[in-house]
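Source file: run_11.tsv (TSV, C-alpha atoms (C1' of nucleotides))
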```tsv
chain	number	residue	atom	x	y	z
O	99	MET	CA	35.70	4.62	105.58
O	100	LEU	CA	34.12	5.45	108.87
O	101	LEU	CA	33.71	8.82	107.31
O	102	GLU	CA	32.07	7.43	104.24
O	103	VAL	CA	29.58	5.41	106.21
O	104	LEU	CA	28.49	8.40	108.20
O	105	ASP	CA	28.26	10.52	105.15
O	106	ARG	CA	26.13	8.03	103.34
O	107	GLN	CA	23.84	7.63	106.30
O	108	LEU	CA	23.35	11.35	106.44
O	109	GLN	CA	22.49	11.62	102.80
O	110	GLN	CA	20.02	8.80	102.80
O	111	ASP	CA	18.28	9.93	105.90
O	112	SER	CA	17.35	13.35	104.75
O	113	GLY	CA	16.64	12.34	101.19
O	114	MET	CA	19.09	14.86	99.83
O	115	PRO	CA	22.83	15.14	99.45
O	116	HIS	CA	24.16	16.78	102.51
O	117	GLY	CA	25.75	19.49	100.41
O	118	TYR	CA	22.24	20.52	99.46
O	119	TYR	CA	21.20	20.34	103.03
O	120	GLU	CA	23.97	22.69	103.99
O	121	ILE	CA	22.91	25.17	101.39
O	122	LEU	CA	19.41	25.22	102.77
O	123	VAL	CA	20.70	25.63	106.28
O	124	ARG	CA	22.90	28.58	105.37
O	125	LEU	CA	20.07	30.24	103.53
O	126	SER	CA	17.69	29.71	106.39
O	127	GLU	CA	20.16	31.37	108.73
O	128	ALA	CA	20.75	34.31	106.45
O	129	ASP	CA	19.02	37.63	106.56
O	130	GLN	CA	15.89	37.46	104.38
O	131	SER	CA	16.79	33.82	103.73
O	132	THR	CA	18.87	35.25	100.94
O	133	MET	CA	22.55	35.15	100.07
O	134	ARG	CA	24.88	36.04	97.27
O	135	MET	CA	25.99	32.98	95.33
O	136	SER	CA	29.62	33.56	96.17
O	137	GLU	CA	28.99	34.01	99.85
O	138	LEU	CA	26.98	30.86	99.82
O	139	ALA	CA	29.74	29.00	98.04
O	140	ASP	CA	32.33	30.17	100.53
O	141	SER	CA	30.23	29.46	103.55
O	142	THR	CA	29.47	25.95	102.43
O	143	ARG	CA	33.09	25.46	101.36
O	144	SER	CA	32.04	24.41	97.89
O	145	SER	CA	33.24	25.55	94.51
O	146	ARG	CA	31.23	28.10	92.59
O	147	SER	CA	30.60	25.53	89.96
O	148	ARG	CA	29.28	23.01	92.40
O	149	LEU	CA	27.08	25.58	94.02
O	150	SER	CA	25.75	26.73	90.70
O	151	HIS	CA	24.77	23.19	89.76
O	152	ALA	CA	23.36	22.54	93.18
O	153	VAL	CA	21.24	25.67	93.24
O	154	SER	CA	19.94	24.74	89.81
O	155	ARG	CA	18.70	21.43	91.17
O	156	LEU	CA	17.24	23.08	94.24
O	157	GLU	CA	15.55	25.57	92.01
O	158	GLU	CA	14.00	22.77	89.98
O	159	ARG	CA	12.60	21.33	93.17
O	160	GLY	CA	11.23	24.75	94.02
O	161	TRP	CA	13.21	25.04	97.24
O	162	VAL	CA	15.35	27.95	96.21
O	163	ALA	CA	14.77	30.91	93.91
O	164	ARG	CA	17.34	32.95	92.05
O	165	ARG	CA	17.15	36.70	91.73
O	166	ASP	CA	19.39	39.28	90.19
O	167	CYS	CA	21.51	41.36	92.47
O	168	GLU	CA	20.60	45.01	92.27
O	169	THR	CA	23.95	46.48	93.14
O	170	ASP	CA	26.17	44.23	91.06
O	171	ARG	CA	24.79	43.04	87.80
O	172	ARG	CA	27.14	40.08	87.74
O	173	GLY	CA	25.65	38.90	90.97
O	174	GLN	CA	22.89	36.46	91.71
O	175	LEU	CA	20.97	36.03	94.91
O	176	ALA	CA	19.66	32.71	96.12
O	177	GLN	CA	16.64	32.77	98.33
O	178	LEU	CA	15.04	29.99	100.28
O	179	THR	CA	11.40	29.54	99.31
O	180	ALA	CA	8.58	28.51	101.58
O	181	ASP	CA	8.76	25.02	100.13
O	182	GLY	CA	12.47	25.03	100.82
O	183	GLN	CA	11.85	25.84	104.45
O	184	GLN	CA	9.40	22.99	104.58
O	185	ALA	CA	11.91	20.63	103.08
O	186	LEU	CA	14.57	21.77	105.47
O	187	ALA	CA	12.28	21.43	108.43
O	188	SER	CA	11.44	17.87	107.56
O	189	ALA	CA	14.98	16.91	106.75
O	190	ALA	CA	16.66	18.41	109.78
O	191	PRO	CA	15.35	16.04	112.44
O	192	GLY	CA	16.52	13.05	110.44
O	193	HIS	CA	19.95	14.53	110.08
O	194	VAL	CA	20.31	15.32	113.70
O	195	ALA	CA	18.93	11.97	114.72
O	196	THR	CA	21.38	10.13	112.57
O	197	VAL	CA	24.36	12.00	113.83
O	198	ARG	CA	23.23	11.46	117.38
O	199	ALA	CA	22.46	7.83	116.96
O	200	HIS	CA	25.68	7.00	115.26
O	201	MET	CA	28.20	9.30	116.77
O	202	ILE	CA	27.24	11.19	119.83
O	203	ASP	CA	25.53	8.35	121.59
O	204	ALA	CA	28.48	6.10	120.96
O	205	LEU	CA	30.94	8.37	122.66
O	206	SER	CA	31.67	9.45	126.17
O	207	THR	CA	31.64	13.11	127.08
O	208	ASP	CA	35.42	13.05	127.18
O	209	GLN	CA	35.62	11.51	123.77
O	210	ILE	CA	33.36	14.12	122.25
O	211	GLN	CA	35.60	16.78	123.70
O	212	GLN	CA	38.67	15.00	122.36
O	213	LEU	CA	37.16	14.61	118.94
O	214	GLY	CA	36.52	18.32	118.83
O	215	ASP	CA	40.12	19.05	119.71
O	216	ILE	CA	41.39	16.59	117.17
O	217	ALA	CA	39.25	17.98	114.41
O	218	GLN	CA	40.43	21.45	115.23
O	219	ALA	CA	44.06	20.41	115.19
O	220	VAL	CA	43.68	18.76	111.82
O	221	ILE	CA	41.80	21.69	110.40
O	222	ASP	CA	44.42	24.11	111.65
O	223	ASN	CA	47.00	22.00	109.93
O	224	LEU	CA	45.15	21.77	106.66
O	225	GLY	CA	45.58	25.31	105.53
O	226	ALA	CA	49.27	25.80	105.91
O	227	PRO	CA	51.86	23.12	105.39
O	228	ALA	CA	51.18	20.64	102.60
O	229	VAL	CA	54.38	19.04	103.73
O	230	SER	CA	55.89	16.11	101.93
O	231	ALA	CA	56.09	13.22	104.31
O	232	ALA	CA	59.57	12.39	103.15
O	233	GLY	CA	61.63	15.15	104.64
O	234	ARG	CA	59.90	16.60	107.63
O	235	PRO	CA	62.76	17.11	110.08
O	236	SER	CA	62.07	18.51	113.51
O	237	THR	CA	60.64	21.91	112.50
Z	120	MET	CA	33.56	18.53	105.93
Z	121	LEU	CA	36.88	17.82	107.52
Z	122	LEU	CA	36.26	14.39	106.19
Z	123	GLU	CA	35.56	15.64	102.71
Z	124	VAL	CA	38.70	17.67	102.58
Z	125	LEU	CA	40.83	14.73	103.53
Z	126	ASP	CA	39.07	12.52	101.10
Z	127	ARG	CA	39.52	14.92	98.26
Z	128	GLN	CA	43.17	15.34	99.07
Z	129	LEU	CA	43.63	11.63	98.98
Z	130	GLN	CA	41.98	11.26	95.64
Z	131	GLN	CA	43.89	14.01	93.97
Z	132	ASP	CA	47.20	12.98	95.32
Z	133	SER	CA	47.20	9.51	93.99
Z	134	GLY	CA	45.46	10.42	90.76
Z	135	MET	CA	42.74	7.88	91.32
Z	136	PRO	CA	39.58	7.63	93.38
Z	137	HIS	CA	40.50	6.14	96.66
Z	138	GLY	CA	38.04	3.34	96.16
Z	139	TYR	CA	40.18	2.25	93.25
Z	140	TYR	CA	43.23	2.59	95.37
Z	141	GLU	CA	41.73	0.30	97.96
Z	142	ILE	CA	40.98	-2.31	95.36
Z	143	LEU	CA	44.56	-2.31	94.23
Z	144	VAL	CA	45.78	-2.56	97.80
Z	145	ARG	CA	43.58	-5.54	98.57
Z	146	LEU	CA	44.64	-7.30	95.44
Z	147	SER	CA	48.28	-6.65	96.13
Z	148	GLU	CA	47.89	-8.19	99.56
Z	149	ALA	CA	46.06	-11.23	98.25
Z	150	ASP	CA	47.57	-14.57	97.36
Z	151	GLN	CA	48.63	-14.50	93.72
Z	152	SER	CA	47.42	-10.88	93.65
Z	153	THR	CA	44.08	-12.45	92.85
Z	154	MET	CA	40.68	-12.35	94.49
Z	155	ARG	CA	37.11	-13.34	93.82
Z	156	MET	CA	34.96	-10.36	92.90
Z	157	SER	CA	32.66	-10.89	95.86
Z	158	GLU	CA	35.51	-11.19	98.32
Z	159	LEU	CA	36.98	-8.05	96.92
Z	160	ALA	CA	33.67	-6.27	97.20
Z	161	ASP	CA	33.27	-7.32	100.81
Z	162	SER	CA	36.79	-6.49	101.80
Z	163	THR	CA	36.56	-3.01	100.33
Z	164	ARG	CA	33.10	-2.55	101.76
Z	165	SER	CA	31.71	-1.65	98.39
Z	166	SER	CA	28.66	-2.91	96.59
Z	167	ARG	CA	29.04	-5.55	93.92
Z	168	SER	CA	27.84	-3.07	91.39
Z	169	ARG	CA	30.36	-0.49	92.36
Z	170	LEU	CA	33.13	-3.01	92.32
Z	171	SER	CA	32.09	-4.28	88.94
Z	172	HIS	CA	32.21	-0.79	87.48
Z	173	ALA	CA	35.46	-0.03	89.21
Z	174	VAL	CA	37.17	-3.18	88.03
Z	175	SER	CA	36.00	-2.41	84.52
Z	176	ARG	CA	37.76	0.96	84.67
Z	177	LEU	CA	40.85	-0.57	86.19
Z	178	GLU	CA	40.80	-3.17	83.48
Z	179	GLU	CA	40.66	-0.47	80.81
Z	180	ARG	CA	43.73	1.08	82.35
Z	181	GLY	CA	45.40	-2.29	82.28
Z	182	TRP	CA	45.88	-2.43	86.03
Z	183	VAL	CA	43.64	-5.38	86.69
Z	184	ALA	CA	42.71	-8.43	84.66
Z	185	ARG	CA	39.58	-10.50	84.90
Z	186	ARG	CA	39.61	-14.26	84.66
Z	187	ASP	CA	36.95	-16.93	84.95
Z	188	CYS	CA	36.78	-18.90	88.14
Z	189	GLU	CA	37.46	-22.56	87.55
Z	190	THR	CA	35.45	-23.97	90.40
Z	191	ASP	CA	32.36	-21.82	90.07
Z	192	ARG	CA	31.36	-20.78	86.63
Z	193	ARG	CA	29.41	-17.82	87.98
Z	194	GLY	CA	32.58	-16.51	89.49
Z	195	GLN	CA	35.12	-14.02	88.27
Z	196	LEU	CA	38.64	-13.47	89.50
Z	197	ALA	CA	40.34	-10.11	89.52
Z	198	GLN	CA	44.09	-10.09	89.33
Z	199	LEU	CA	46.52	-7.23	89.73
Z	200	THR	CA	48.70	-6.84	86.66
Z	201	ALA	CA	52.32	-5.73	86.60
Z	202	ASP	CA	51.18	-2.31	85.47
Z	203	GLY	CA	48.74	-2.28	88.32
Z	204	GLN	CA	51.52	-2.93	90.80
Z	205	GLN	CA	53.43	-0.07	89.25
Z	206	ALA	CA	50.46	2.25	89.56
Z	207	LEU	CA	49.94	1.22	93.14
Z	208	ALA	CA	53.59	1.68	93.98
Z	209	SER	CA	53.63	5.19	92.64
Z	210	ALA	CA	50.33	6.13	94.24
Z	211	ALA	CA	50.99	4.75	97.67
Z	212	PRO	CA	53.65	7.20	98.84
Z	213	GLY	CA	51.44	10.14	97.91
Z	214	HIS	CA	48.60	8.68	99.85
Z	215	VAL	CA	50.62	8.04	102.90
Z	216	ALA	CA	52.29	11.41	102.70
Z	217	THR	CA	49.01	13.23	102.53
Z	218	VAL	CA	47.54	11.43	105.45
Z	219	ARG	CA	50.65	12.08	107.46
Z	220	ALA	CA	50.93	15.70	106.53
Z	221	HIS	CA	47.35	16.50	107.27
Z	222	MET	CA	46.41	14.27	110.11
Z	223	ILE	CA	49.12	12.44	111.89
Z	224	ASP	CA	51.51	15.32	112.08
Z	225	ALA	CA	48.83	17.58	113.42
Z	226	LEU	CA	48.06	15.38	116.37
Z	227	SER	CA	49.74	14.39	119.57
Z	228	THR	CA	50.38	10.76	120.36
Z	229	ASP	CA	47.55	10.83	122.85
Z	230	GLN	CA	45.19	12.30	120.31
Z	231	ILE	CA	45.99	9.64	117.79
Z	232	GLN	CA	45.20	7.02	120.38
Z	233	GLN	CA	41.99	8.79	121.26
Z	234	LEU	CA	40.95	9.09	117.66
Z	235	GLY	CA	41.39	5.38	117.24
Z	236	ASP	CA	39.20	4.70	120.24
Z	237	ILE	CA	36.59	7.11	119.04
Z	238	ALA	CA	36.47	5.63	115.58
Z	239	GLN	CA	36.12	2.19	117.07
Z	240	ALA	CA	33.30	3.26	119.34
Z	241	VAL	CA	31.43	4.81	116.46
Z	242	ILE	CA	31.99	1.82	114.25
Z	243	ASP	CA	30.80	-0.54	116.95
Z	244	ASN	CA	27.70	1.54	117.23
Z	245	LEU	CA	26.99	1.68	113.53
Z	246	GLY	CA	25.92	-1.86	113.03
Z	247	ALA	CA	23.38	-2.30	115.74
Z	248	PRO	CA	21.03	0.36	116.95
Z	249	ALA	CA	19.75	2.78	114.29
Z	250	VAL	CA	18.03	4.48	117.16
Z	251	SER	CA	15.69	7.37	116.66
Z	252	ALA	CA	17.05	10.34	118.49
Z	253	ALA	CA	13.66	11.18	119.85
Z	254	GLY	CA	12.99	8.42	122.30
Z	255	ARG	CA	16.20	6.83	123.47
Z	256	PRO	CA	15.47	6.16	127.13
Z	257	SER	CA	18.02	4.54	129.37
Z	258	THR	CA	18.24	1.07	127.77
N	262	DC	C1'	14.54	-34.10	85.79
N	263	DC	C1'	12.13	-29.72	86.49
N	264	DA	C1'	10.32	-25.51	88.82
N	265	DG	C1'	11.64	-22.12	92.08
N	266	DT	C1'	14.99	-19.79	94.69
N	267	DT	C1'	19.35	-17.97	95.76
N	268	DC	C1'	23.94	-16.44	94.43
N	269	DA	C1'	27.61	-14.02	91.30
N	270	DG	C1'	28.22	-10.52	88.59
N	271	DT	C1'	26.95	-7.08	84.92
N	272	DT	C1'	24.48	-3.32	82.87
N	273	DG	C1'	22.17	1.19	82.15
N	274	DA	C1'	20.08	5.18	83.80
N	275	DG	C1'	20.11	8.97	87.00
N	276	DA	C1'	22.45	12.04	90.17
N	277	DG	C1'	26.35	14.79	92.07
N	278	DT	C1'	31.14	16.47	91.56
N	279	DT	C1'	34.96	18.31	89.23
N	280	DC	C1'	37.46	20.62	85.71
N	281	DA	C1'	38.12	23.58	82.05
N	282	DA	C1'	36.11	26.78	79.10
N	283	DC	C1'	33.13	30.63	78.53
N	284	DT	C1'	29.99	34.98	79.09
N	285	DA	C1'	29.14	39.14	81.31
N	286	DC	C1'	30.17	42.74	84.29
N	287	DT	C1'	33.40	45.68	87.31
N	288	DG	C1'	37.53	48.16	88.44
N	289	DT	C1'	42.10	50.12	87.23
N	290	DG	C1'	45.59	52.71	84.76
N	291	DC	C1'	46.82	55.56	81.19
V	240	DG	C1'	37.30	56.72	76.96
V	241	DC	C1'	39.54	52.32	76.35
V	242	DA	C1'	42.19	48.31	76.77
V	243	DC	C1'	43.03	44.81	80.31
V	244	DA	C1'	42.86	42.29	84.22
V	245	DG	C1'	39.98	40.47	87.71
V	246	DT	C1'	35.39	38.94	89.57
V	247	DA	C1'	30.64	36.50	89.38
V	248	DG	C1'	28.48	32.97	87.79
V	249	DT	C1'	27.21	29.41	84.27
V	250	DT	C1'	27.79	25.55	81.23
V	251	DG	C1'	29.08	20.98	79.30
V	252	DA	C1'	31.83	17.00	79.34
V	253	DA	C1'	33.91	13.35	81.88
V	254	DC	C1'	33.90	10.64	85.84
V	255	DT	C1'	32.20	7.95	89.90
V	256	DC	C1'	28.55	6.24	92.63
V	257	DT	C1'	23.98	4.25	93.53
V	258	DC	C1'	19.90	1.84	92.45
V	259	DA	C1'	17.09	-1.26	90.12
V	260	DA	C1'	16.75	-4.57	86.62
V	261	DC	C1'	18.76	-8.33	84.38
V	262	DT	C1'	21.59	-12.74	82.78
V	263	DG	C1'	23.58	-17.17	84.10
V	264	DA	C1'	24.81	-20.50	87.08
V	265	DA	C1'	24.18	-23.27	91.35
V	266	DC	C1'	21.25	-25.32	94.84
V	267	DT	C1'	16.72	-27.46	96.74
V	268	DG	C1'	12.36	-29.97	97.02
V	269	DG	C1'	9.36	-33.00	94.91
```
Produce C-alpha cells that represent the structure in this file.
Amino acid sequence: MLLEVLDRQLQQDSGMPHGYYEILVRLSEADQSTMRMSELADSTRSSRSRLSHAVSRLEERGWVARRDCETDRRGQLAQLTADGQQALASAAPGHVATVRAHMIDALSTDQIQQLGDIAQAVIDNLGAPAVSAAGRPST
Amino acid sequence: MLLEVLDRQLQQDSGMPHGYYEILVRLSEADQSTMRMSELADSTRSSRSRLSHAVSRLEERGWVARRDCETDRRGQLAQLTADGQQALASAAPGHVATVRAHMIDALSTDQIQQLGDIAQAVIDNLGAPAVSAAGRPST
DNA sequence: CCAGTTCAGTTGAGAGTTCAACTACTGTGC
DNA sequence: GCACAGTAGTTGAACTCTCAACTGAACTGG
C-alpha cells in the first residue's frame, strides 16, 4: 500500500509507466544506446512479452527504434532515439524529485541505511526458499 | 521492483488481485459483513470507480452481493456472501505464508521494527509536502 | 417549489500486464 | 543432411486499473 502509493506517484510524475522509464534508462546507459531485446528484458526484470509490448509503444512514440541483429537473425536490437533521450531527460528530474520528496527526505540517514539492508535481505531471500509458512522449523 | 515482486507473489498466491483480497477482508471485518460502497472505497484506499468495477467482478464470482441502502437511496451496500467467506478463508493462508516466507523470515526483529518506522515516516510525509527536489531549503 | 450544487455510484474507453500460443531461427546428435 | 529441442521475439485475448463523463438522488438558497 505504501508501495502502491509511491509507485503511482512515480508513474504520474514522469508521464510514463515506470517500466517504460526503466527501459529508457537502461538503453541510455548501454553502449550505442542499443541493447538486445532479451538483455533489456533481463536487466529490467520484465518478461519478454512485456518488453515486446512496451517497446512497441515506445516505438510508436518515436522514443525507441528496432533493428535487426546482424549476428543472430532471431534477434532484435532496441535503440534509444534522439527523441527518446529528450523524453528521458525531461522525465528523470521528476522521478528523482518524487523519490526524494517522498522517501529520502522523510528518513534519517540511519533509516536509509537500514532500508537498504532490509531490501537486500528480502531480495536475498526471494530467490531461494519459497517456504510454506506452515512448517518452517528452526532450519 | 522489490515491491513489484512481492506484489506479484501476493496476487498469484491467492488467485486474486490483492485489491480484491483487501475488499473481502474489510467486508469480513465489518458488522454484518456489510459496508457502504464509499466506506469500502475509503477503507481500501481505492477510487470509487475502481471499487465499483471490483465489486462487479466479485459479484460475478458470487463472493459479494449488492443491496440498496435503505436510508439513502443513492447508496449501495456490499455484503460478503458465504462463498466469499470461503474464498477469503482459502486465500488468506497463502497470502500470509507468502509475506512471511519472503519478508518476515528474511529479517531480524530489529529490522522489522525499523521497517515499520520507516514506512510510517514515509507515509507521514506523503500527505503534506509534495516538495520539489530542487529548492528544499532548511524549512 | 425550483434551479444549482454536491454526493453516491456506475459506465466505457484507453493503457499496461500477463498468459498461452505461435513463428522463426539456432544448435545438437545421429 | 535432417529431425528435434531450445532460444528470440511477437501476438492476441483476458484482466485490472485509471480517467473522464454520466445518471440519480440529496441538499441549499431564494
Fill in: Pairwise distance for atom CA of O:Ala152 and atom C1' of V:DA253, rounded to one decimal in Å
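Going from atom CA of O:Ala152 over to atom C1' of V:DA253 covers 18.0 Å.
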Q | Selection near V:DT246, 10 Å with all atoms listed in the file, sequence-local residues under 3 positions removed, as a PyMOL selection string | A | (chain O and resi 172-173) or (chain N and resi 286-288)
Hey, list the chain Z side of the contact with chain N: 12 Å cut-off, all atoms listed in the file, answer as a tab-separated table (two decimals) with C-alpha atoms, keeping the file's coordinate frame.
```tsv
chain	number	residue	atom	x	y	z
Z	127	ARG	CA	39.52	14.92	98.26
Z	130	GLN	CA	41.98	11.26	95.64
Z	131	GLN	CA	43.89	14.01	93.97
Z	155	ARG	CA	37.11	-13.34	93.82
Z	156	MET	CA	34.96	-10.36	92.90
Z	157	SER	CA	32.66	-10.89	95.86
Z	158	GLU	CA	35.51	-11.19	98.32
Z	160	ALA	CA	33.67	-6.27	97.20
Z	166	SER	CA	28.66	-2.91	96.59
Z	167	ARG	CA	29.04	-5.55	93.92
Z	168	SER	CA	27.84	-3.07	91.39
Z	169	ARG	CA	30.36	-0.49	92.36
Z	170	LEU	CA	33.13	-3.01	92.32
Z	171	SER	CA	32.09	-4.28	88.94
Z	172	HIS	CA	32.21	-0.79	87.48
Z	173	ALA	CA	35.46	-0.03	89.21
Z	174	VAL	CA	37.17	-3.18	88.03
Z	175	SER	CA	36.00	-2.41	84.52
Z	185	ARG	CA	39.58	-10.50	84.90
Z	187	ASP	CA	36.95	-16.93	84.95
Z	188	CYS	CA	36.78	-18.90	88.14
Z	191	ASP	CA	32.36	-21.82	90.07
Z	192	ARG	CA	31.36	-20.78	86.63
Z	193	ARG	CA	29.41	-17.82	87.98
Z	194	GLY	CA	32.58	-16.51	89.49
Z	195	GLN	CA	35.12	-14.02	88.27
Z	196	LEU	CA	38.64	-13.47	89.50
```
Separation of atom CA of Z:Ile237 from atom C1' of V:DT257 in Å: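 Rounded to one decimal, the two atoms are 28.6 Å apart.
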Expressed in Å, the length from atom CA of Z:Glu179 to atom C1' of V:DC261 is 23.5 Å
Item to complete: Could you please select, counting only C-alpha atoms (C1' of nucleotides), the residues of chain V within 9 Å of chain O and state them as a VMD selection string?
Response: chain V and resid 246 to 249
query: Of the candidates O:Gly117, O:Ala189, O:Thr169, O:Ser131, which one gets nearest to chain Z if we count only C-alpha atoms?
result: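 Closest residue, counting only C-alpha atoms: O:Gly117.
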_Residues near Z:Ala206, anyone? I mean within 10 Å using only C-alpha atoms (C1' of nucleotides), not counting same-chain ones fewer than 2 positions away, as a PyMOL selection string._
chain Z and resi 133-135+140+143+180-182+200-204+208-211
Selection file, C-alpha atoms, as a PDB file, in the frame of the given file:
```
ATOM      1  CA  SER Z 133      47.200   9.510  93.990  1.00  0.00           C
ATOM      2  CA  GLY Z 134      45.460  10.420  90.760  1.00  0.00           C
ATOM      3  CA  MET Z 135      42.740   7.880  91.320  1.00  0.00           C
ATOM      4  CA  TYR Z 140      43.230   2.590  95.370  1.00  0.00           C
ATOM      5  CA  LEU Z 143      44.560  -2.310  94.230  1.00  0.00           C
ATOM      6  CA  ARG Z 180      43.730   1.080  82.350  1.00  0.00           C
ATOM      7  CA  GLY Z 181      45.400  -2.290  82.280  1.00  0.00           C
ATOM      8  CA  TRP Z 182      45.880  -2.430  86.030  1.00  0.00           C
ATOM      9  CA  THR Z 200      48.700  -6.840  86.660  1.00  0.00           C
ATOM     10  CA  ALA Z 201      52.320  -5.730  86.600  1.00  0.00           C
ATOM     11  CA  ASP Z 202      51.180  -2.310  85.470  1.00  0.00           C
ATOM     12  CA  GLY Z 203      48.740  -2.280  88.320  1.00  0.00           C
ATOM     13  CA  GLN Z 204      51.520  -2.930  90.800  1.00  0.00           C
ATOM     14  CA  ALA Z 208      53.590   1.680  93.980  1.00  0.00           C
ATOM     15  CA  SER Z 209      53.630   5.190  92.640  1.00  0.00           C
ATOM     16  CA  ALA Z 210      50.330   6.130  94.240  1.00  0.00           C
ATOM     17  CA  ALA Z 211      50.990   4.750  97.670  1.00  0.00           C
TER      18      ALA Z 211
END
```
Using all atoms listed in the file, the residue out of Z:Glu189, Z:Ser147, Z:Val183, Z:Ser162 with shortest distance to chain O is Z:Ser162
For chain O, the nearest of the candidates Z:Leu207, Z:Leu159, Z:Ala240, Z:Val144, counting only C-alpha atoms =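 So, comparing all the options, the nearest one is Z:Ala240.
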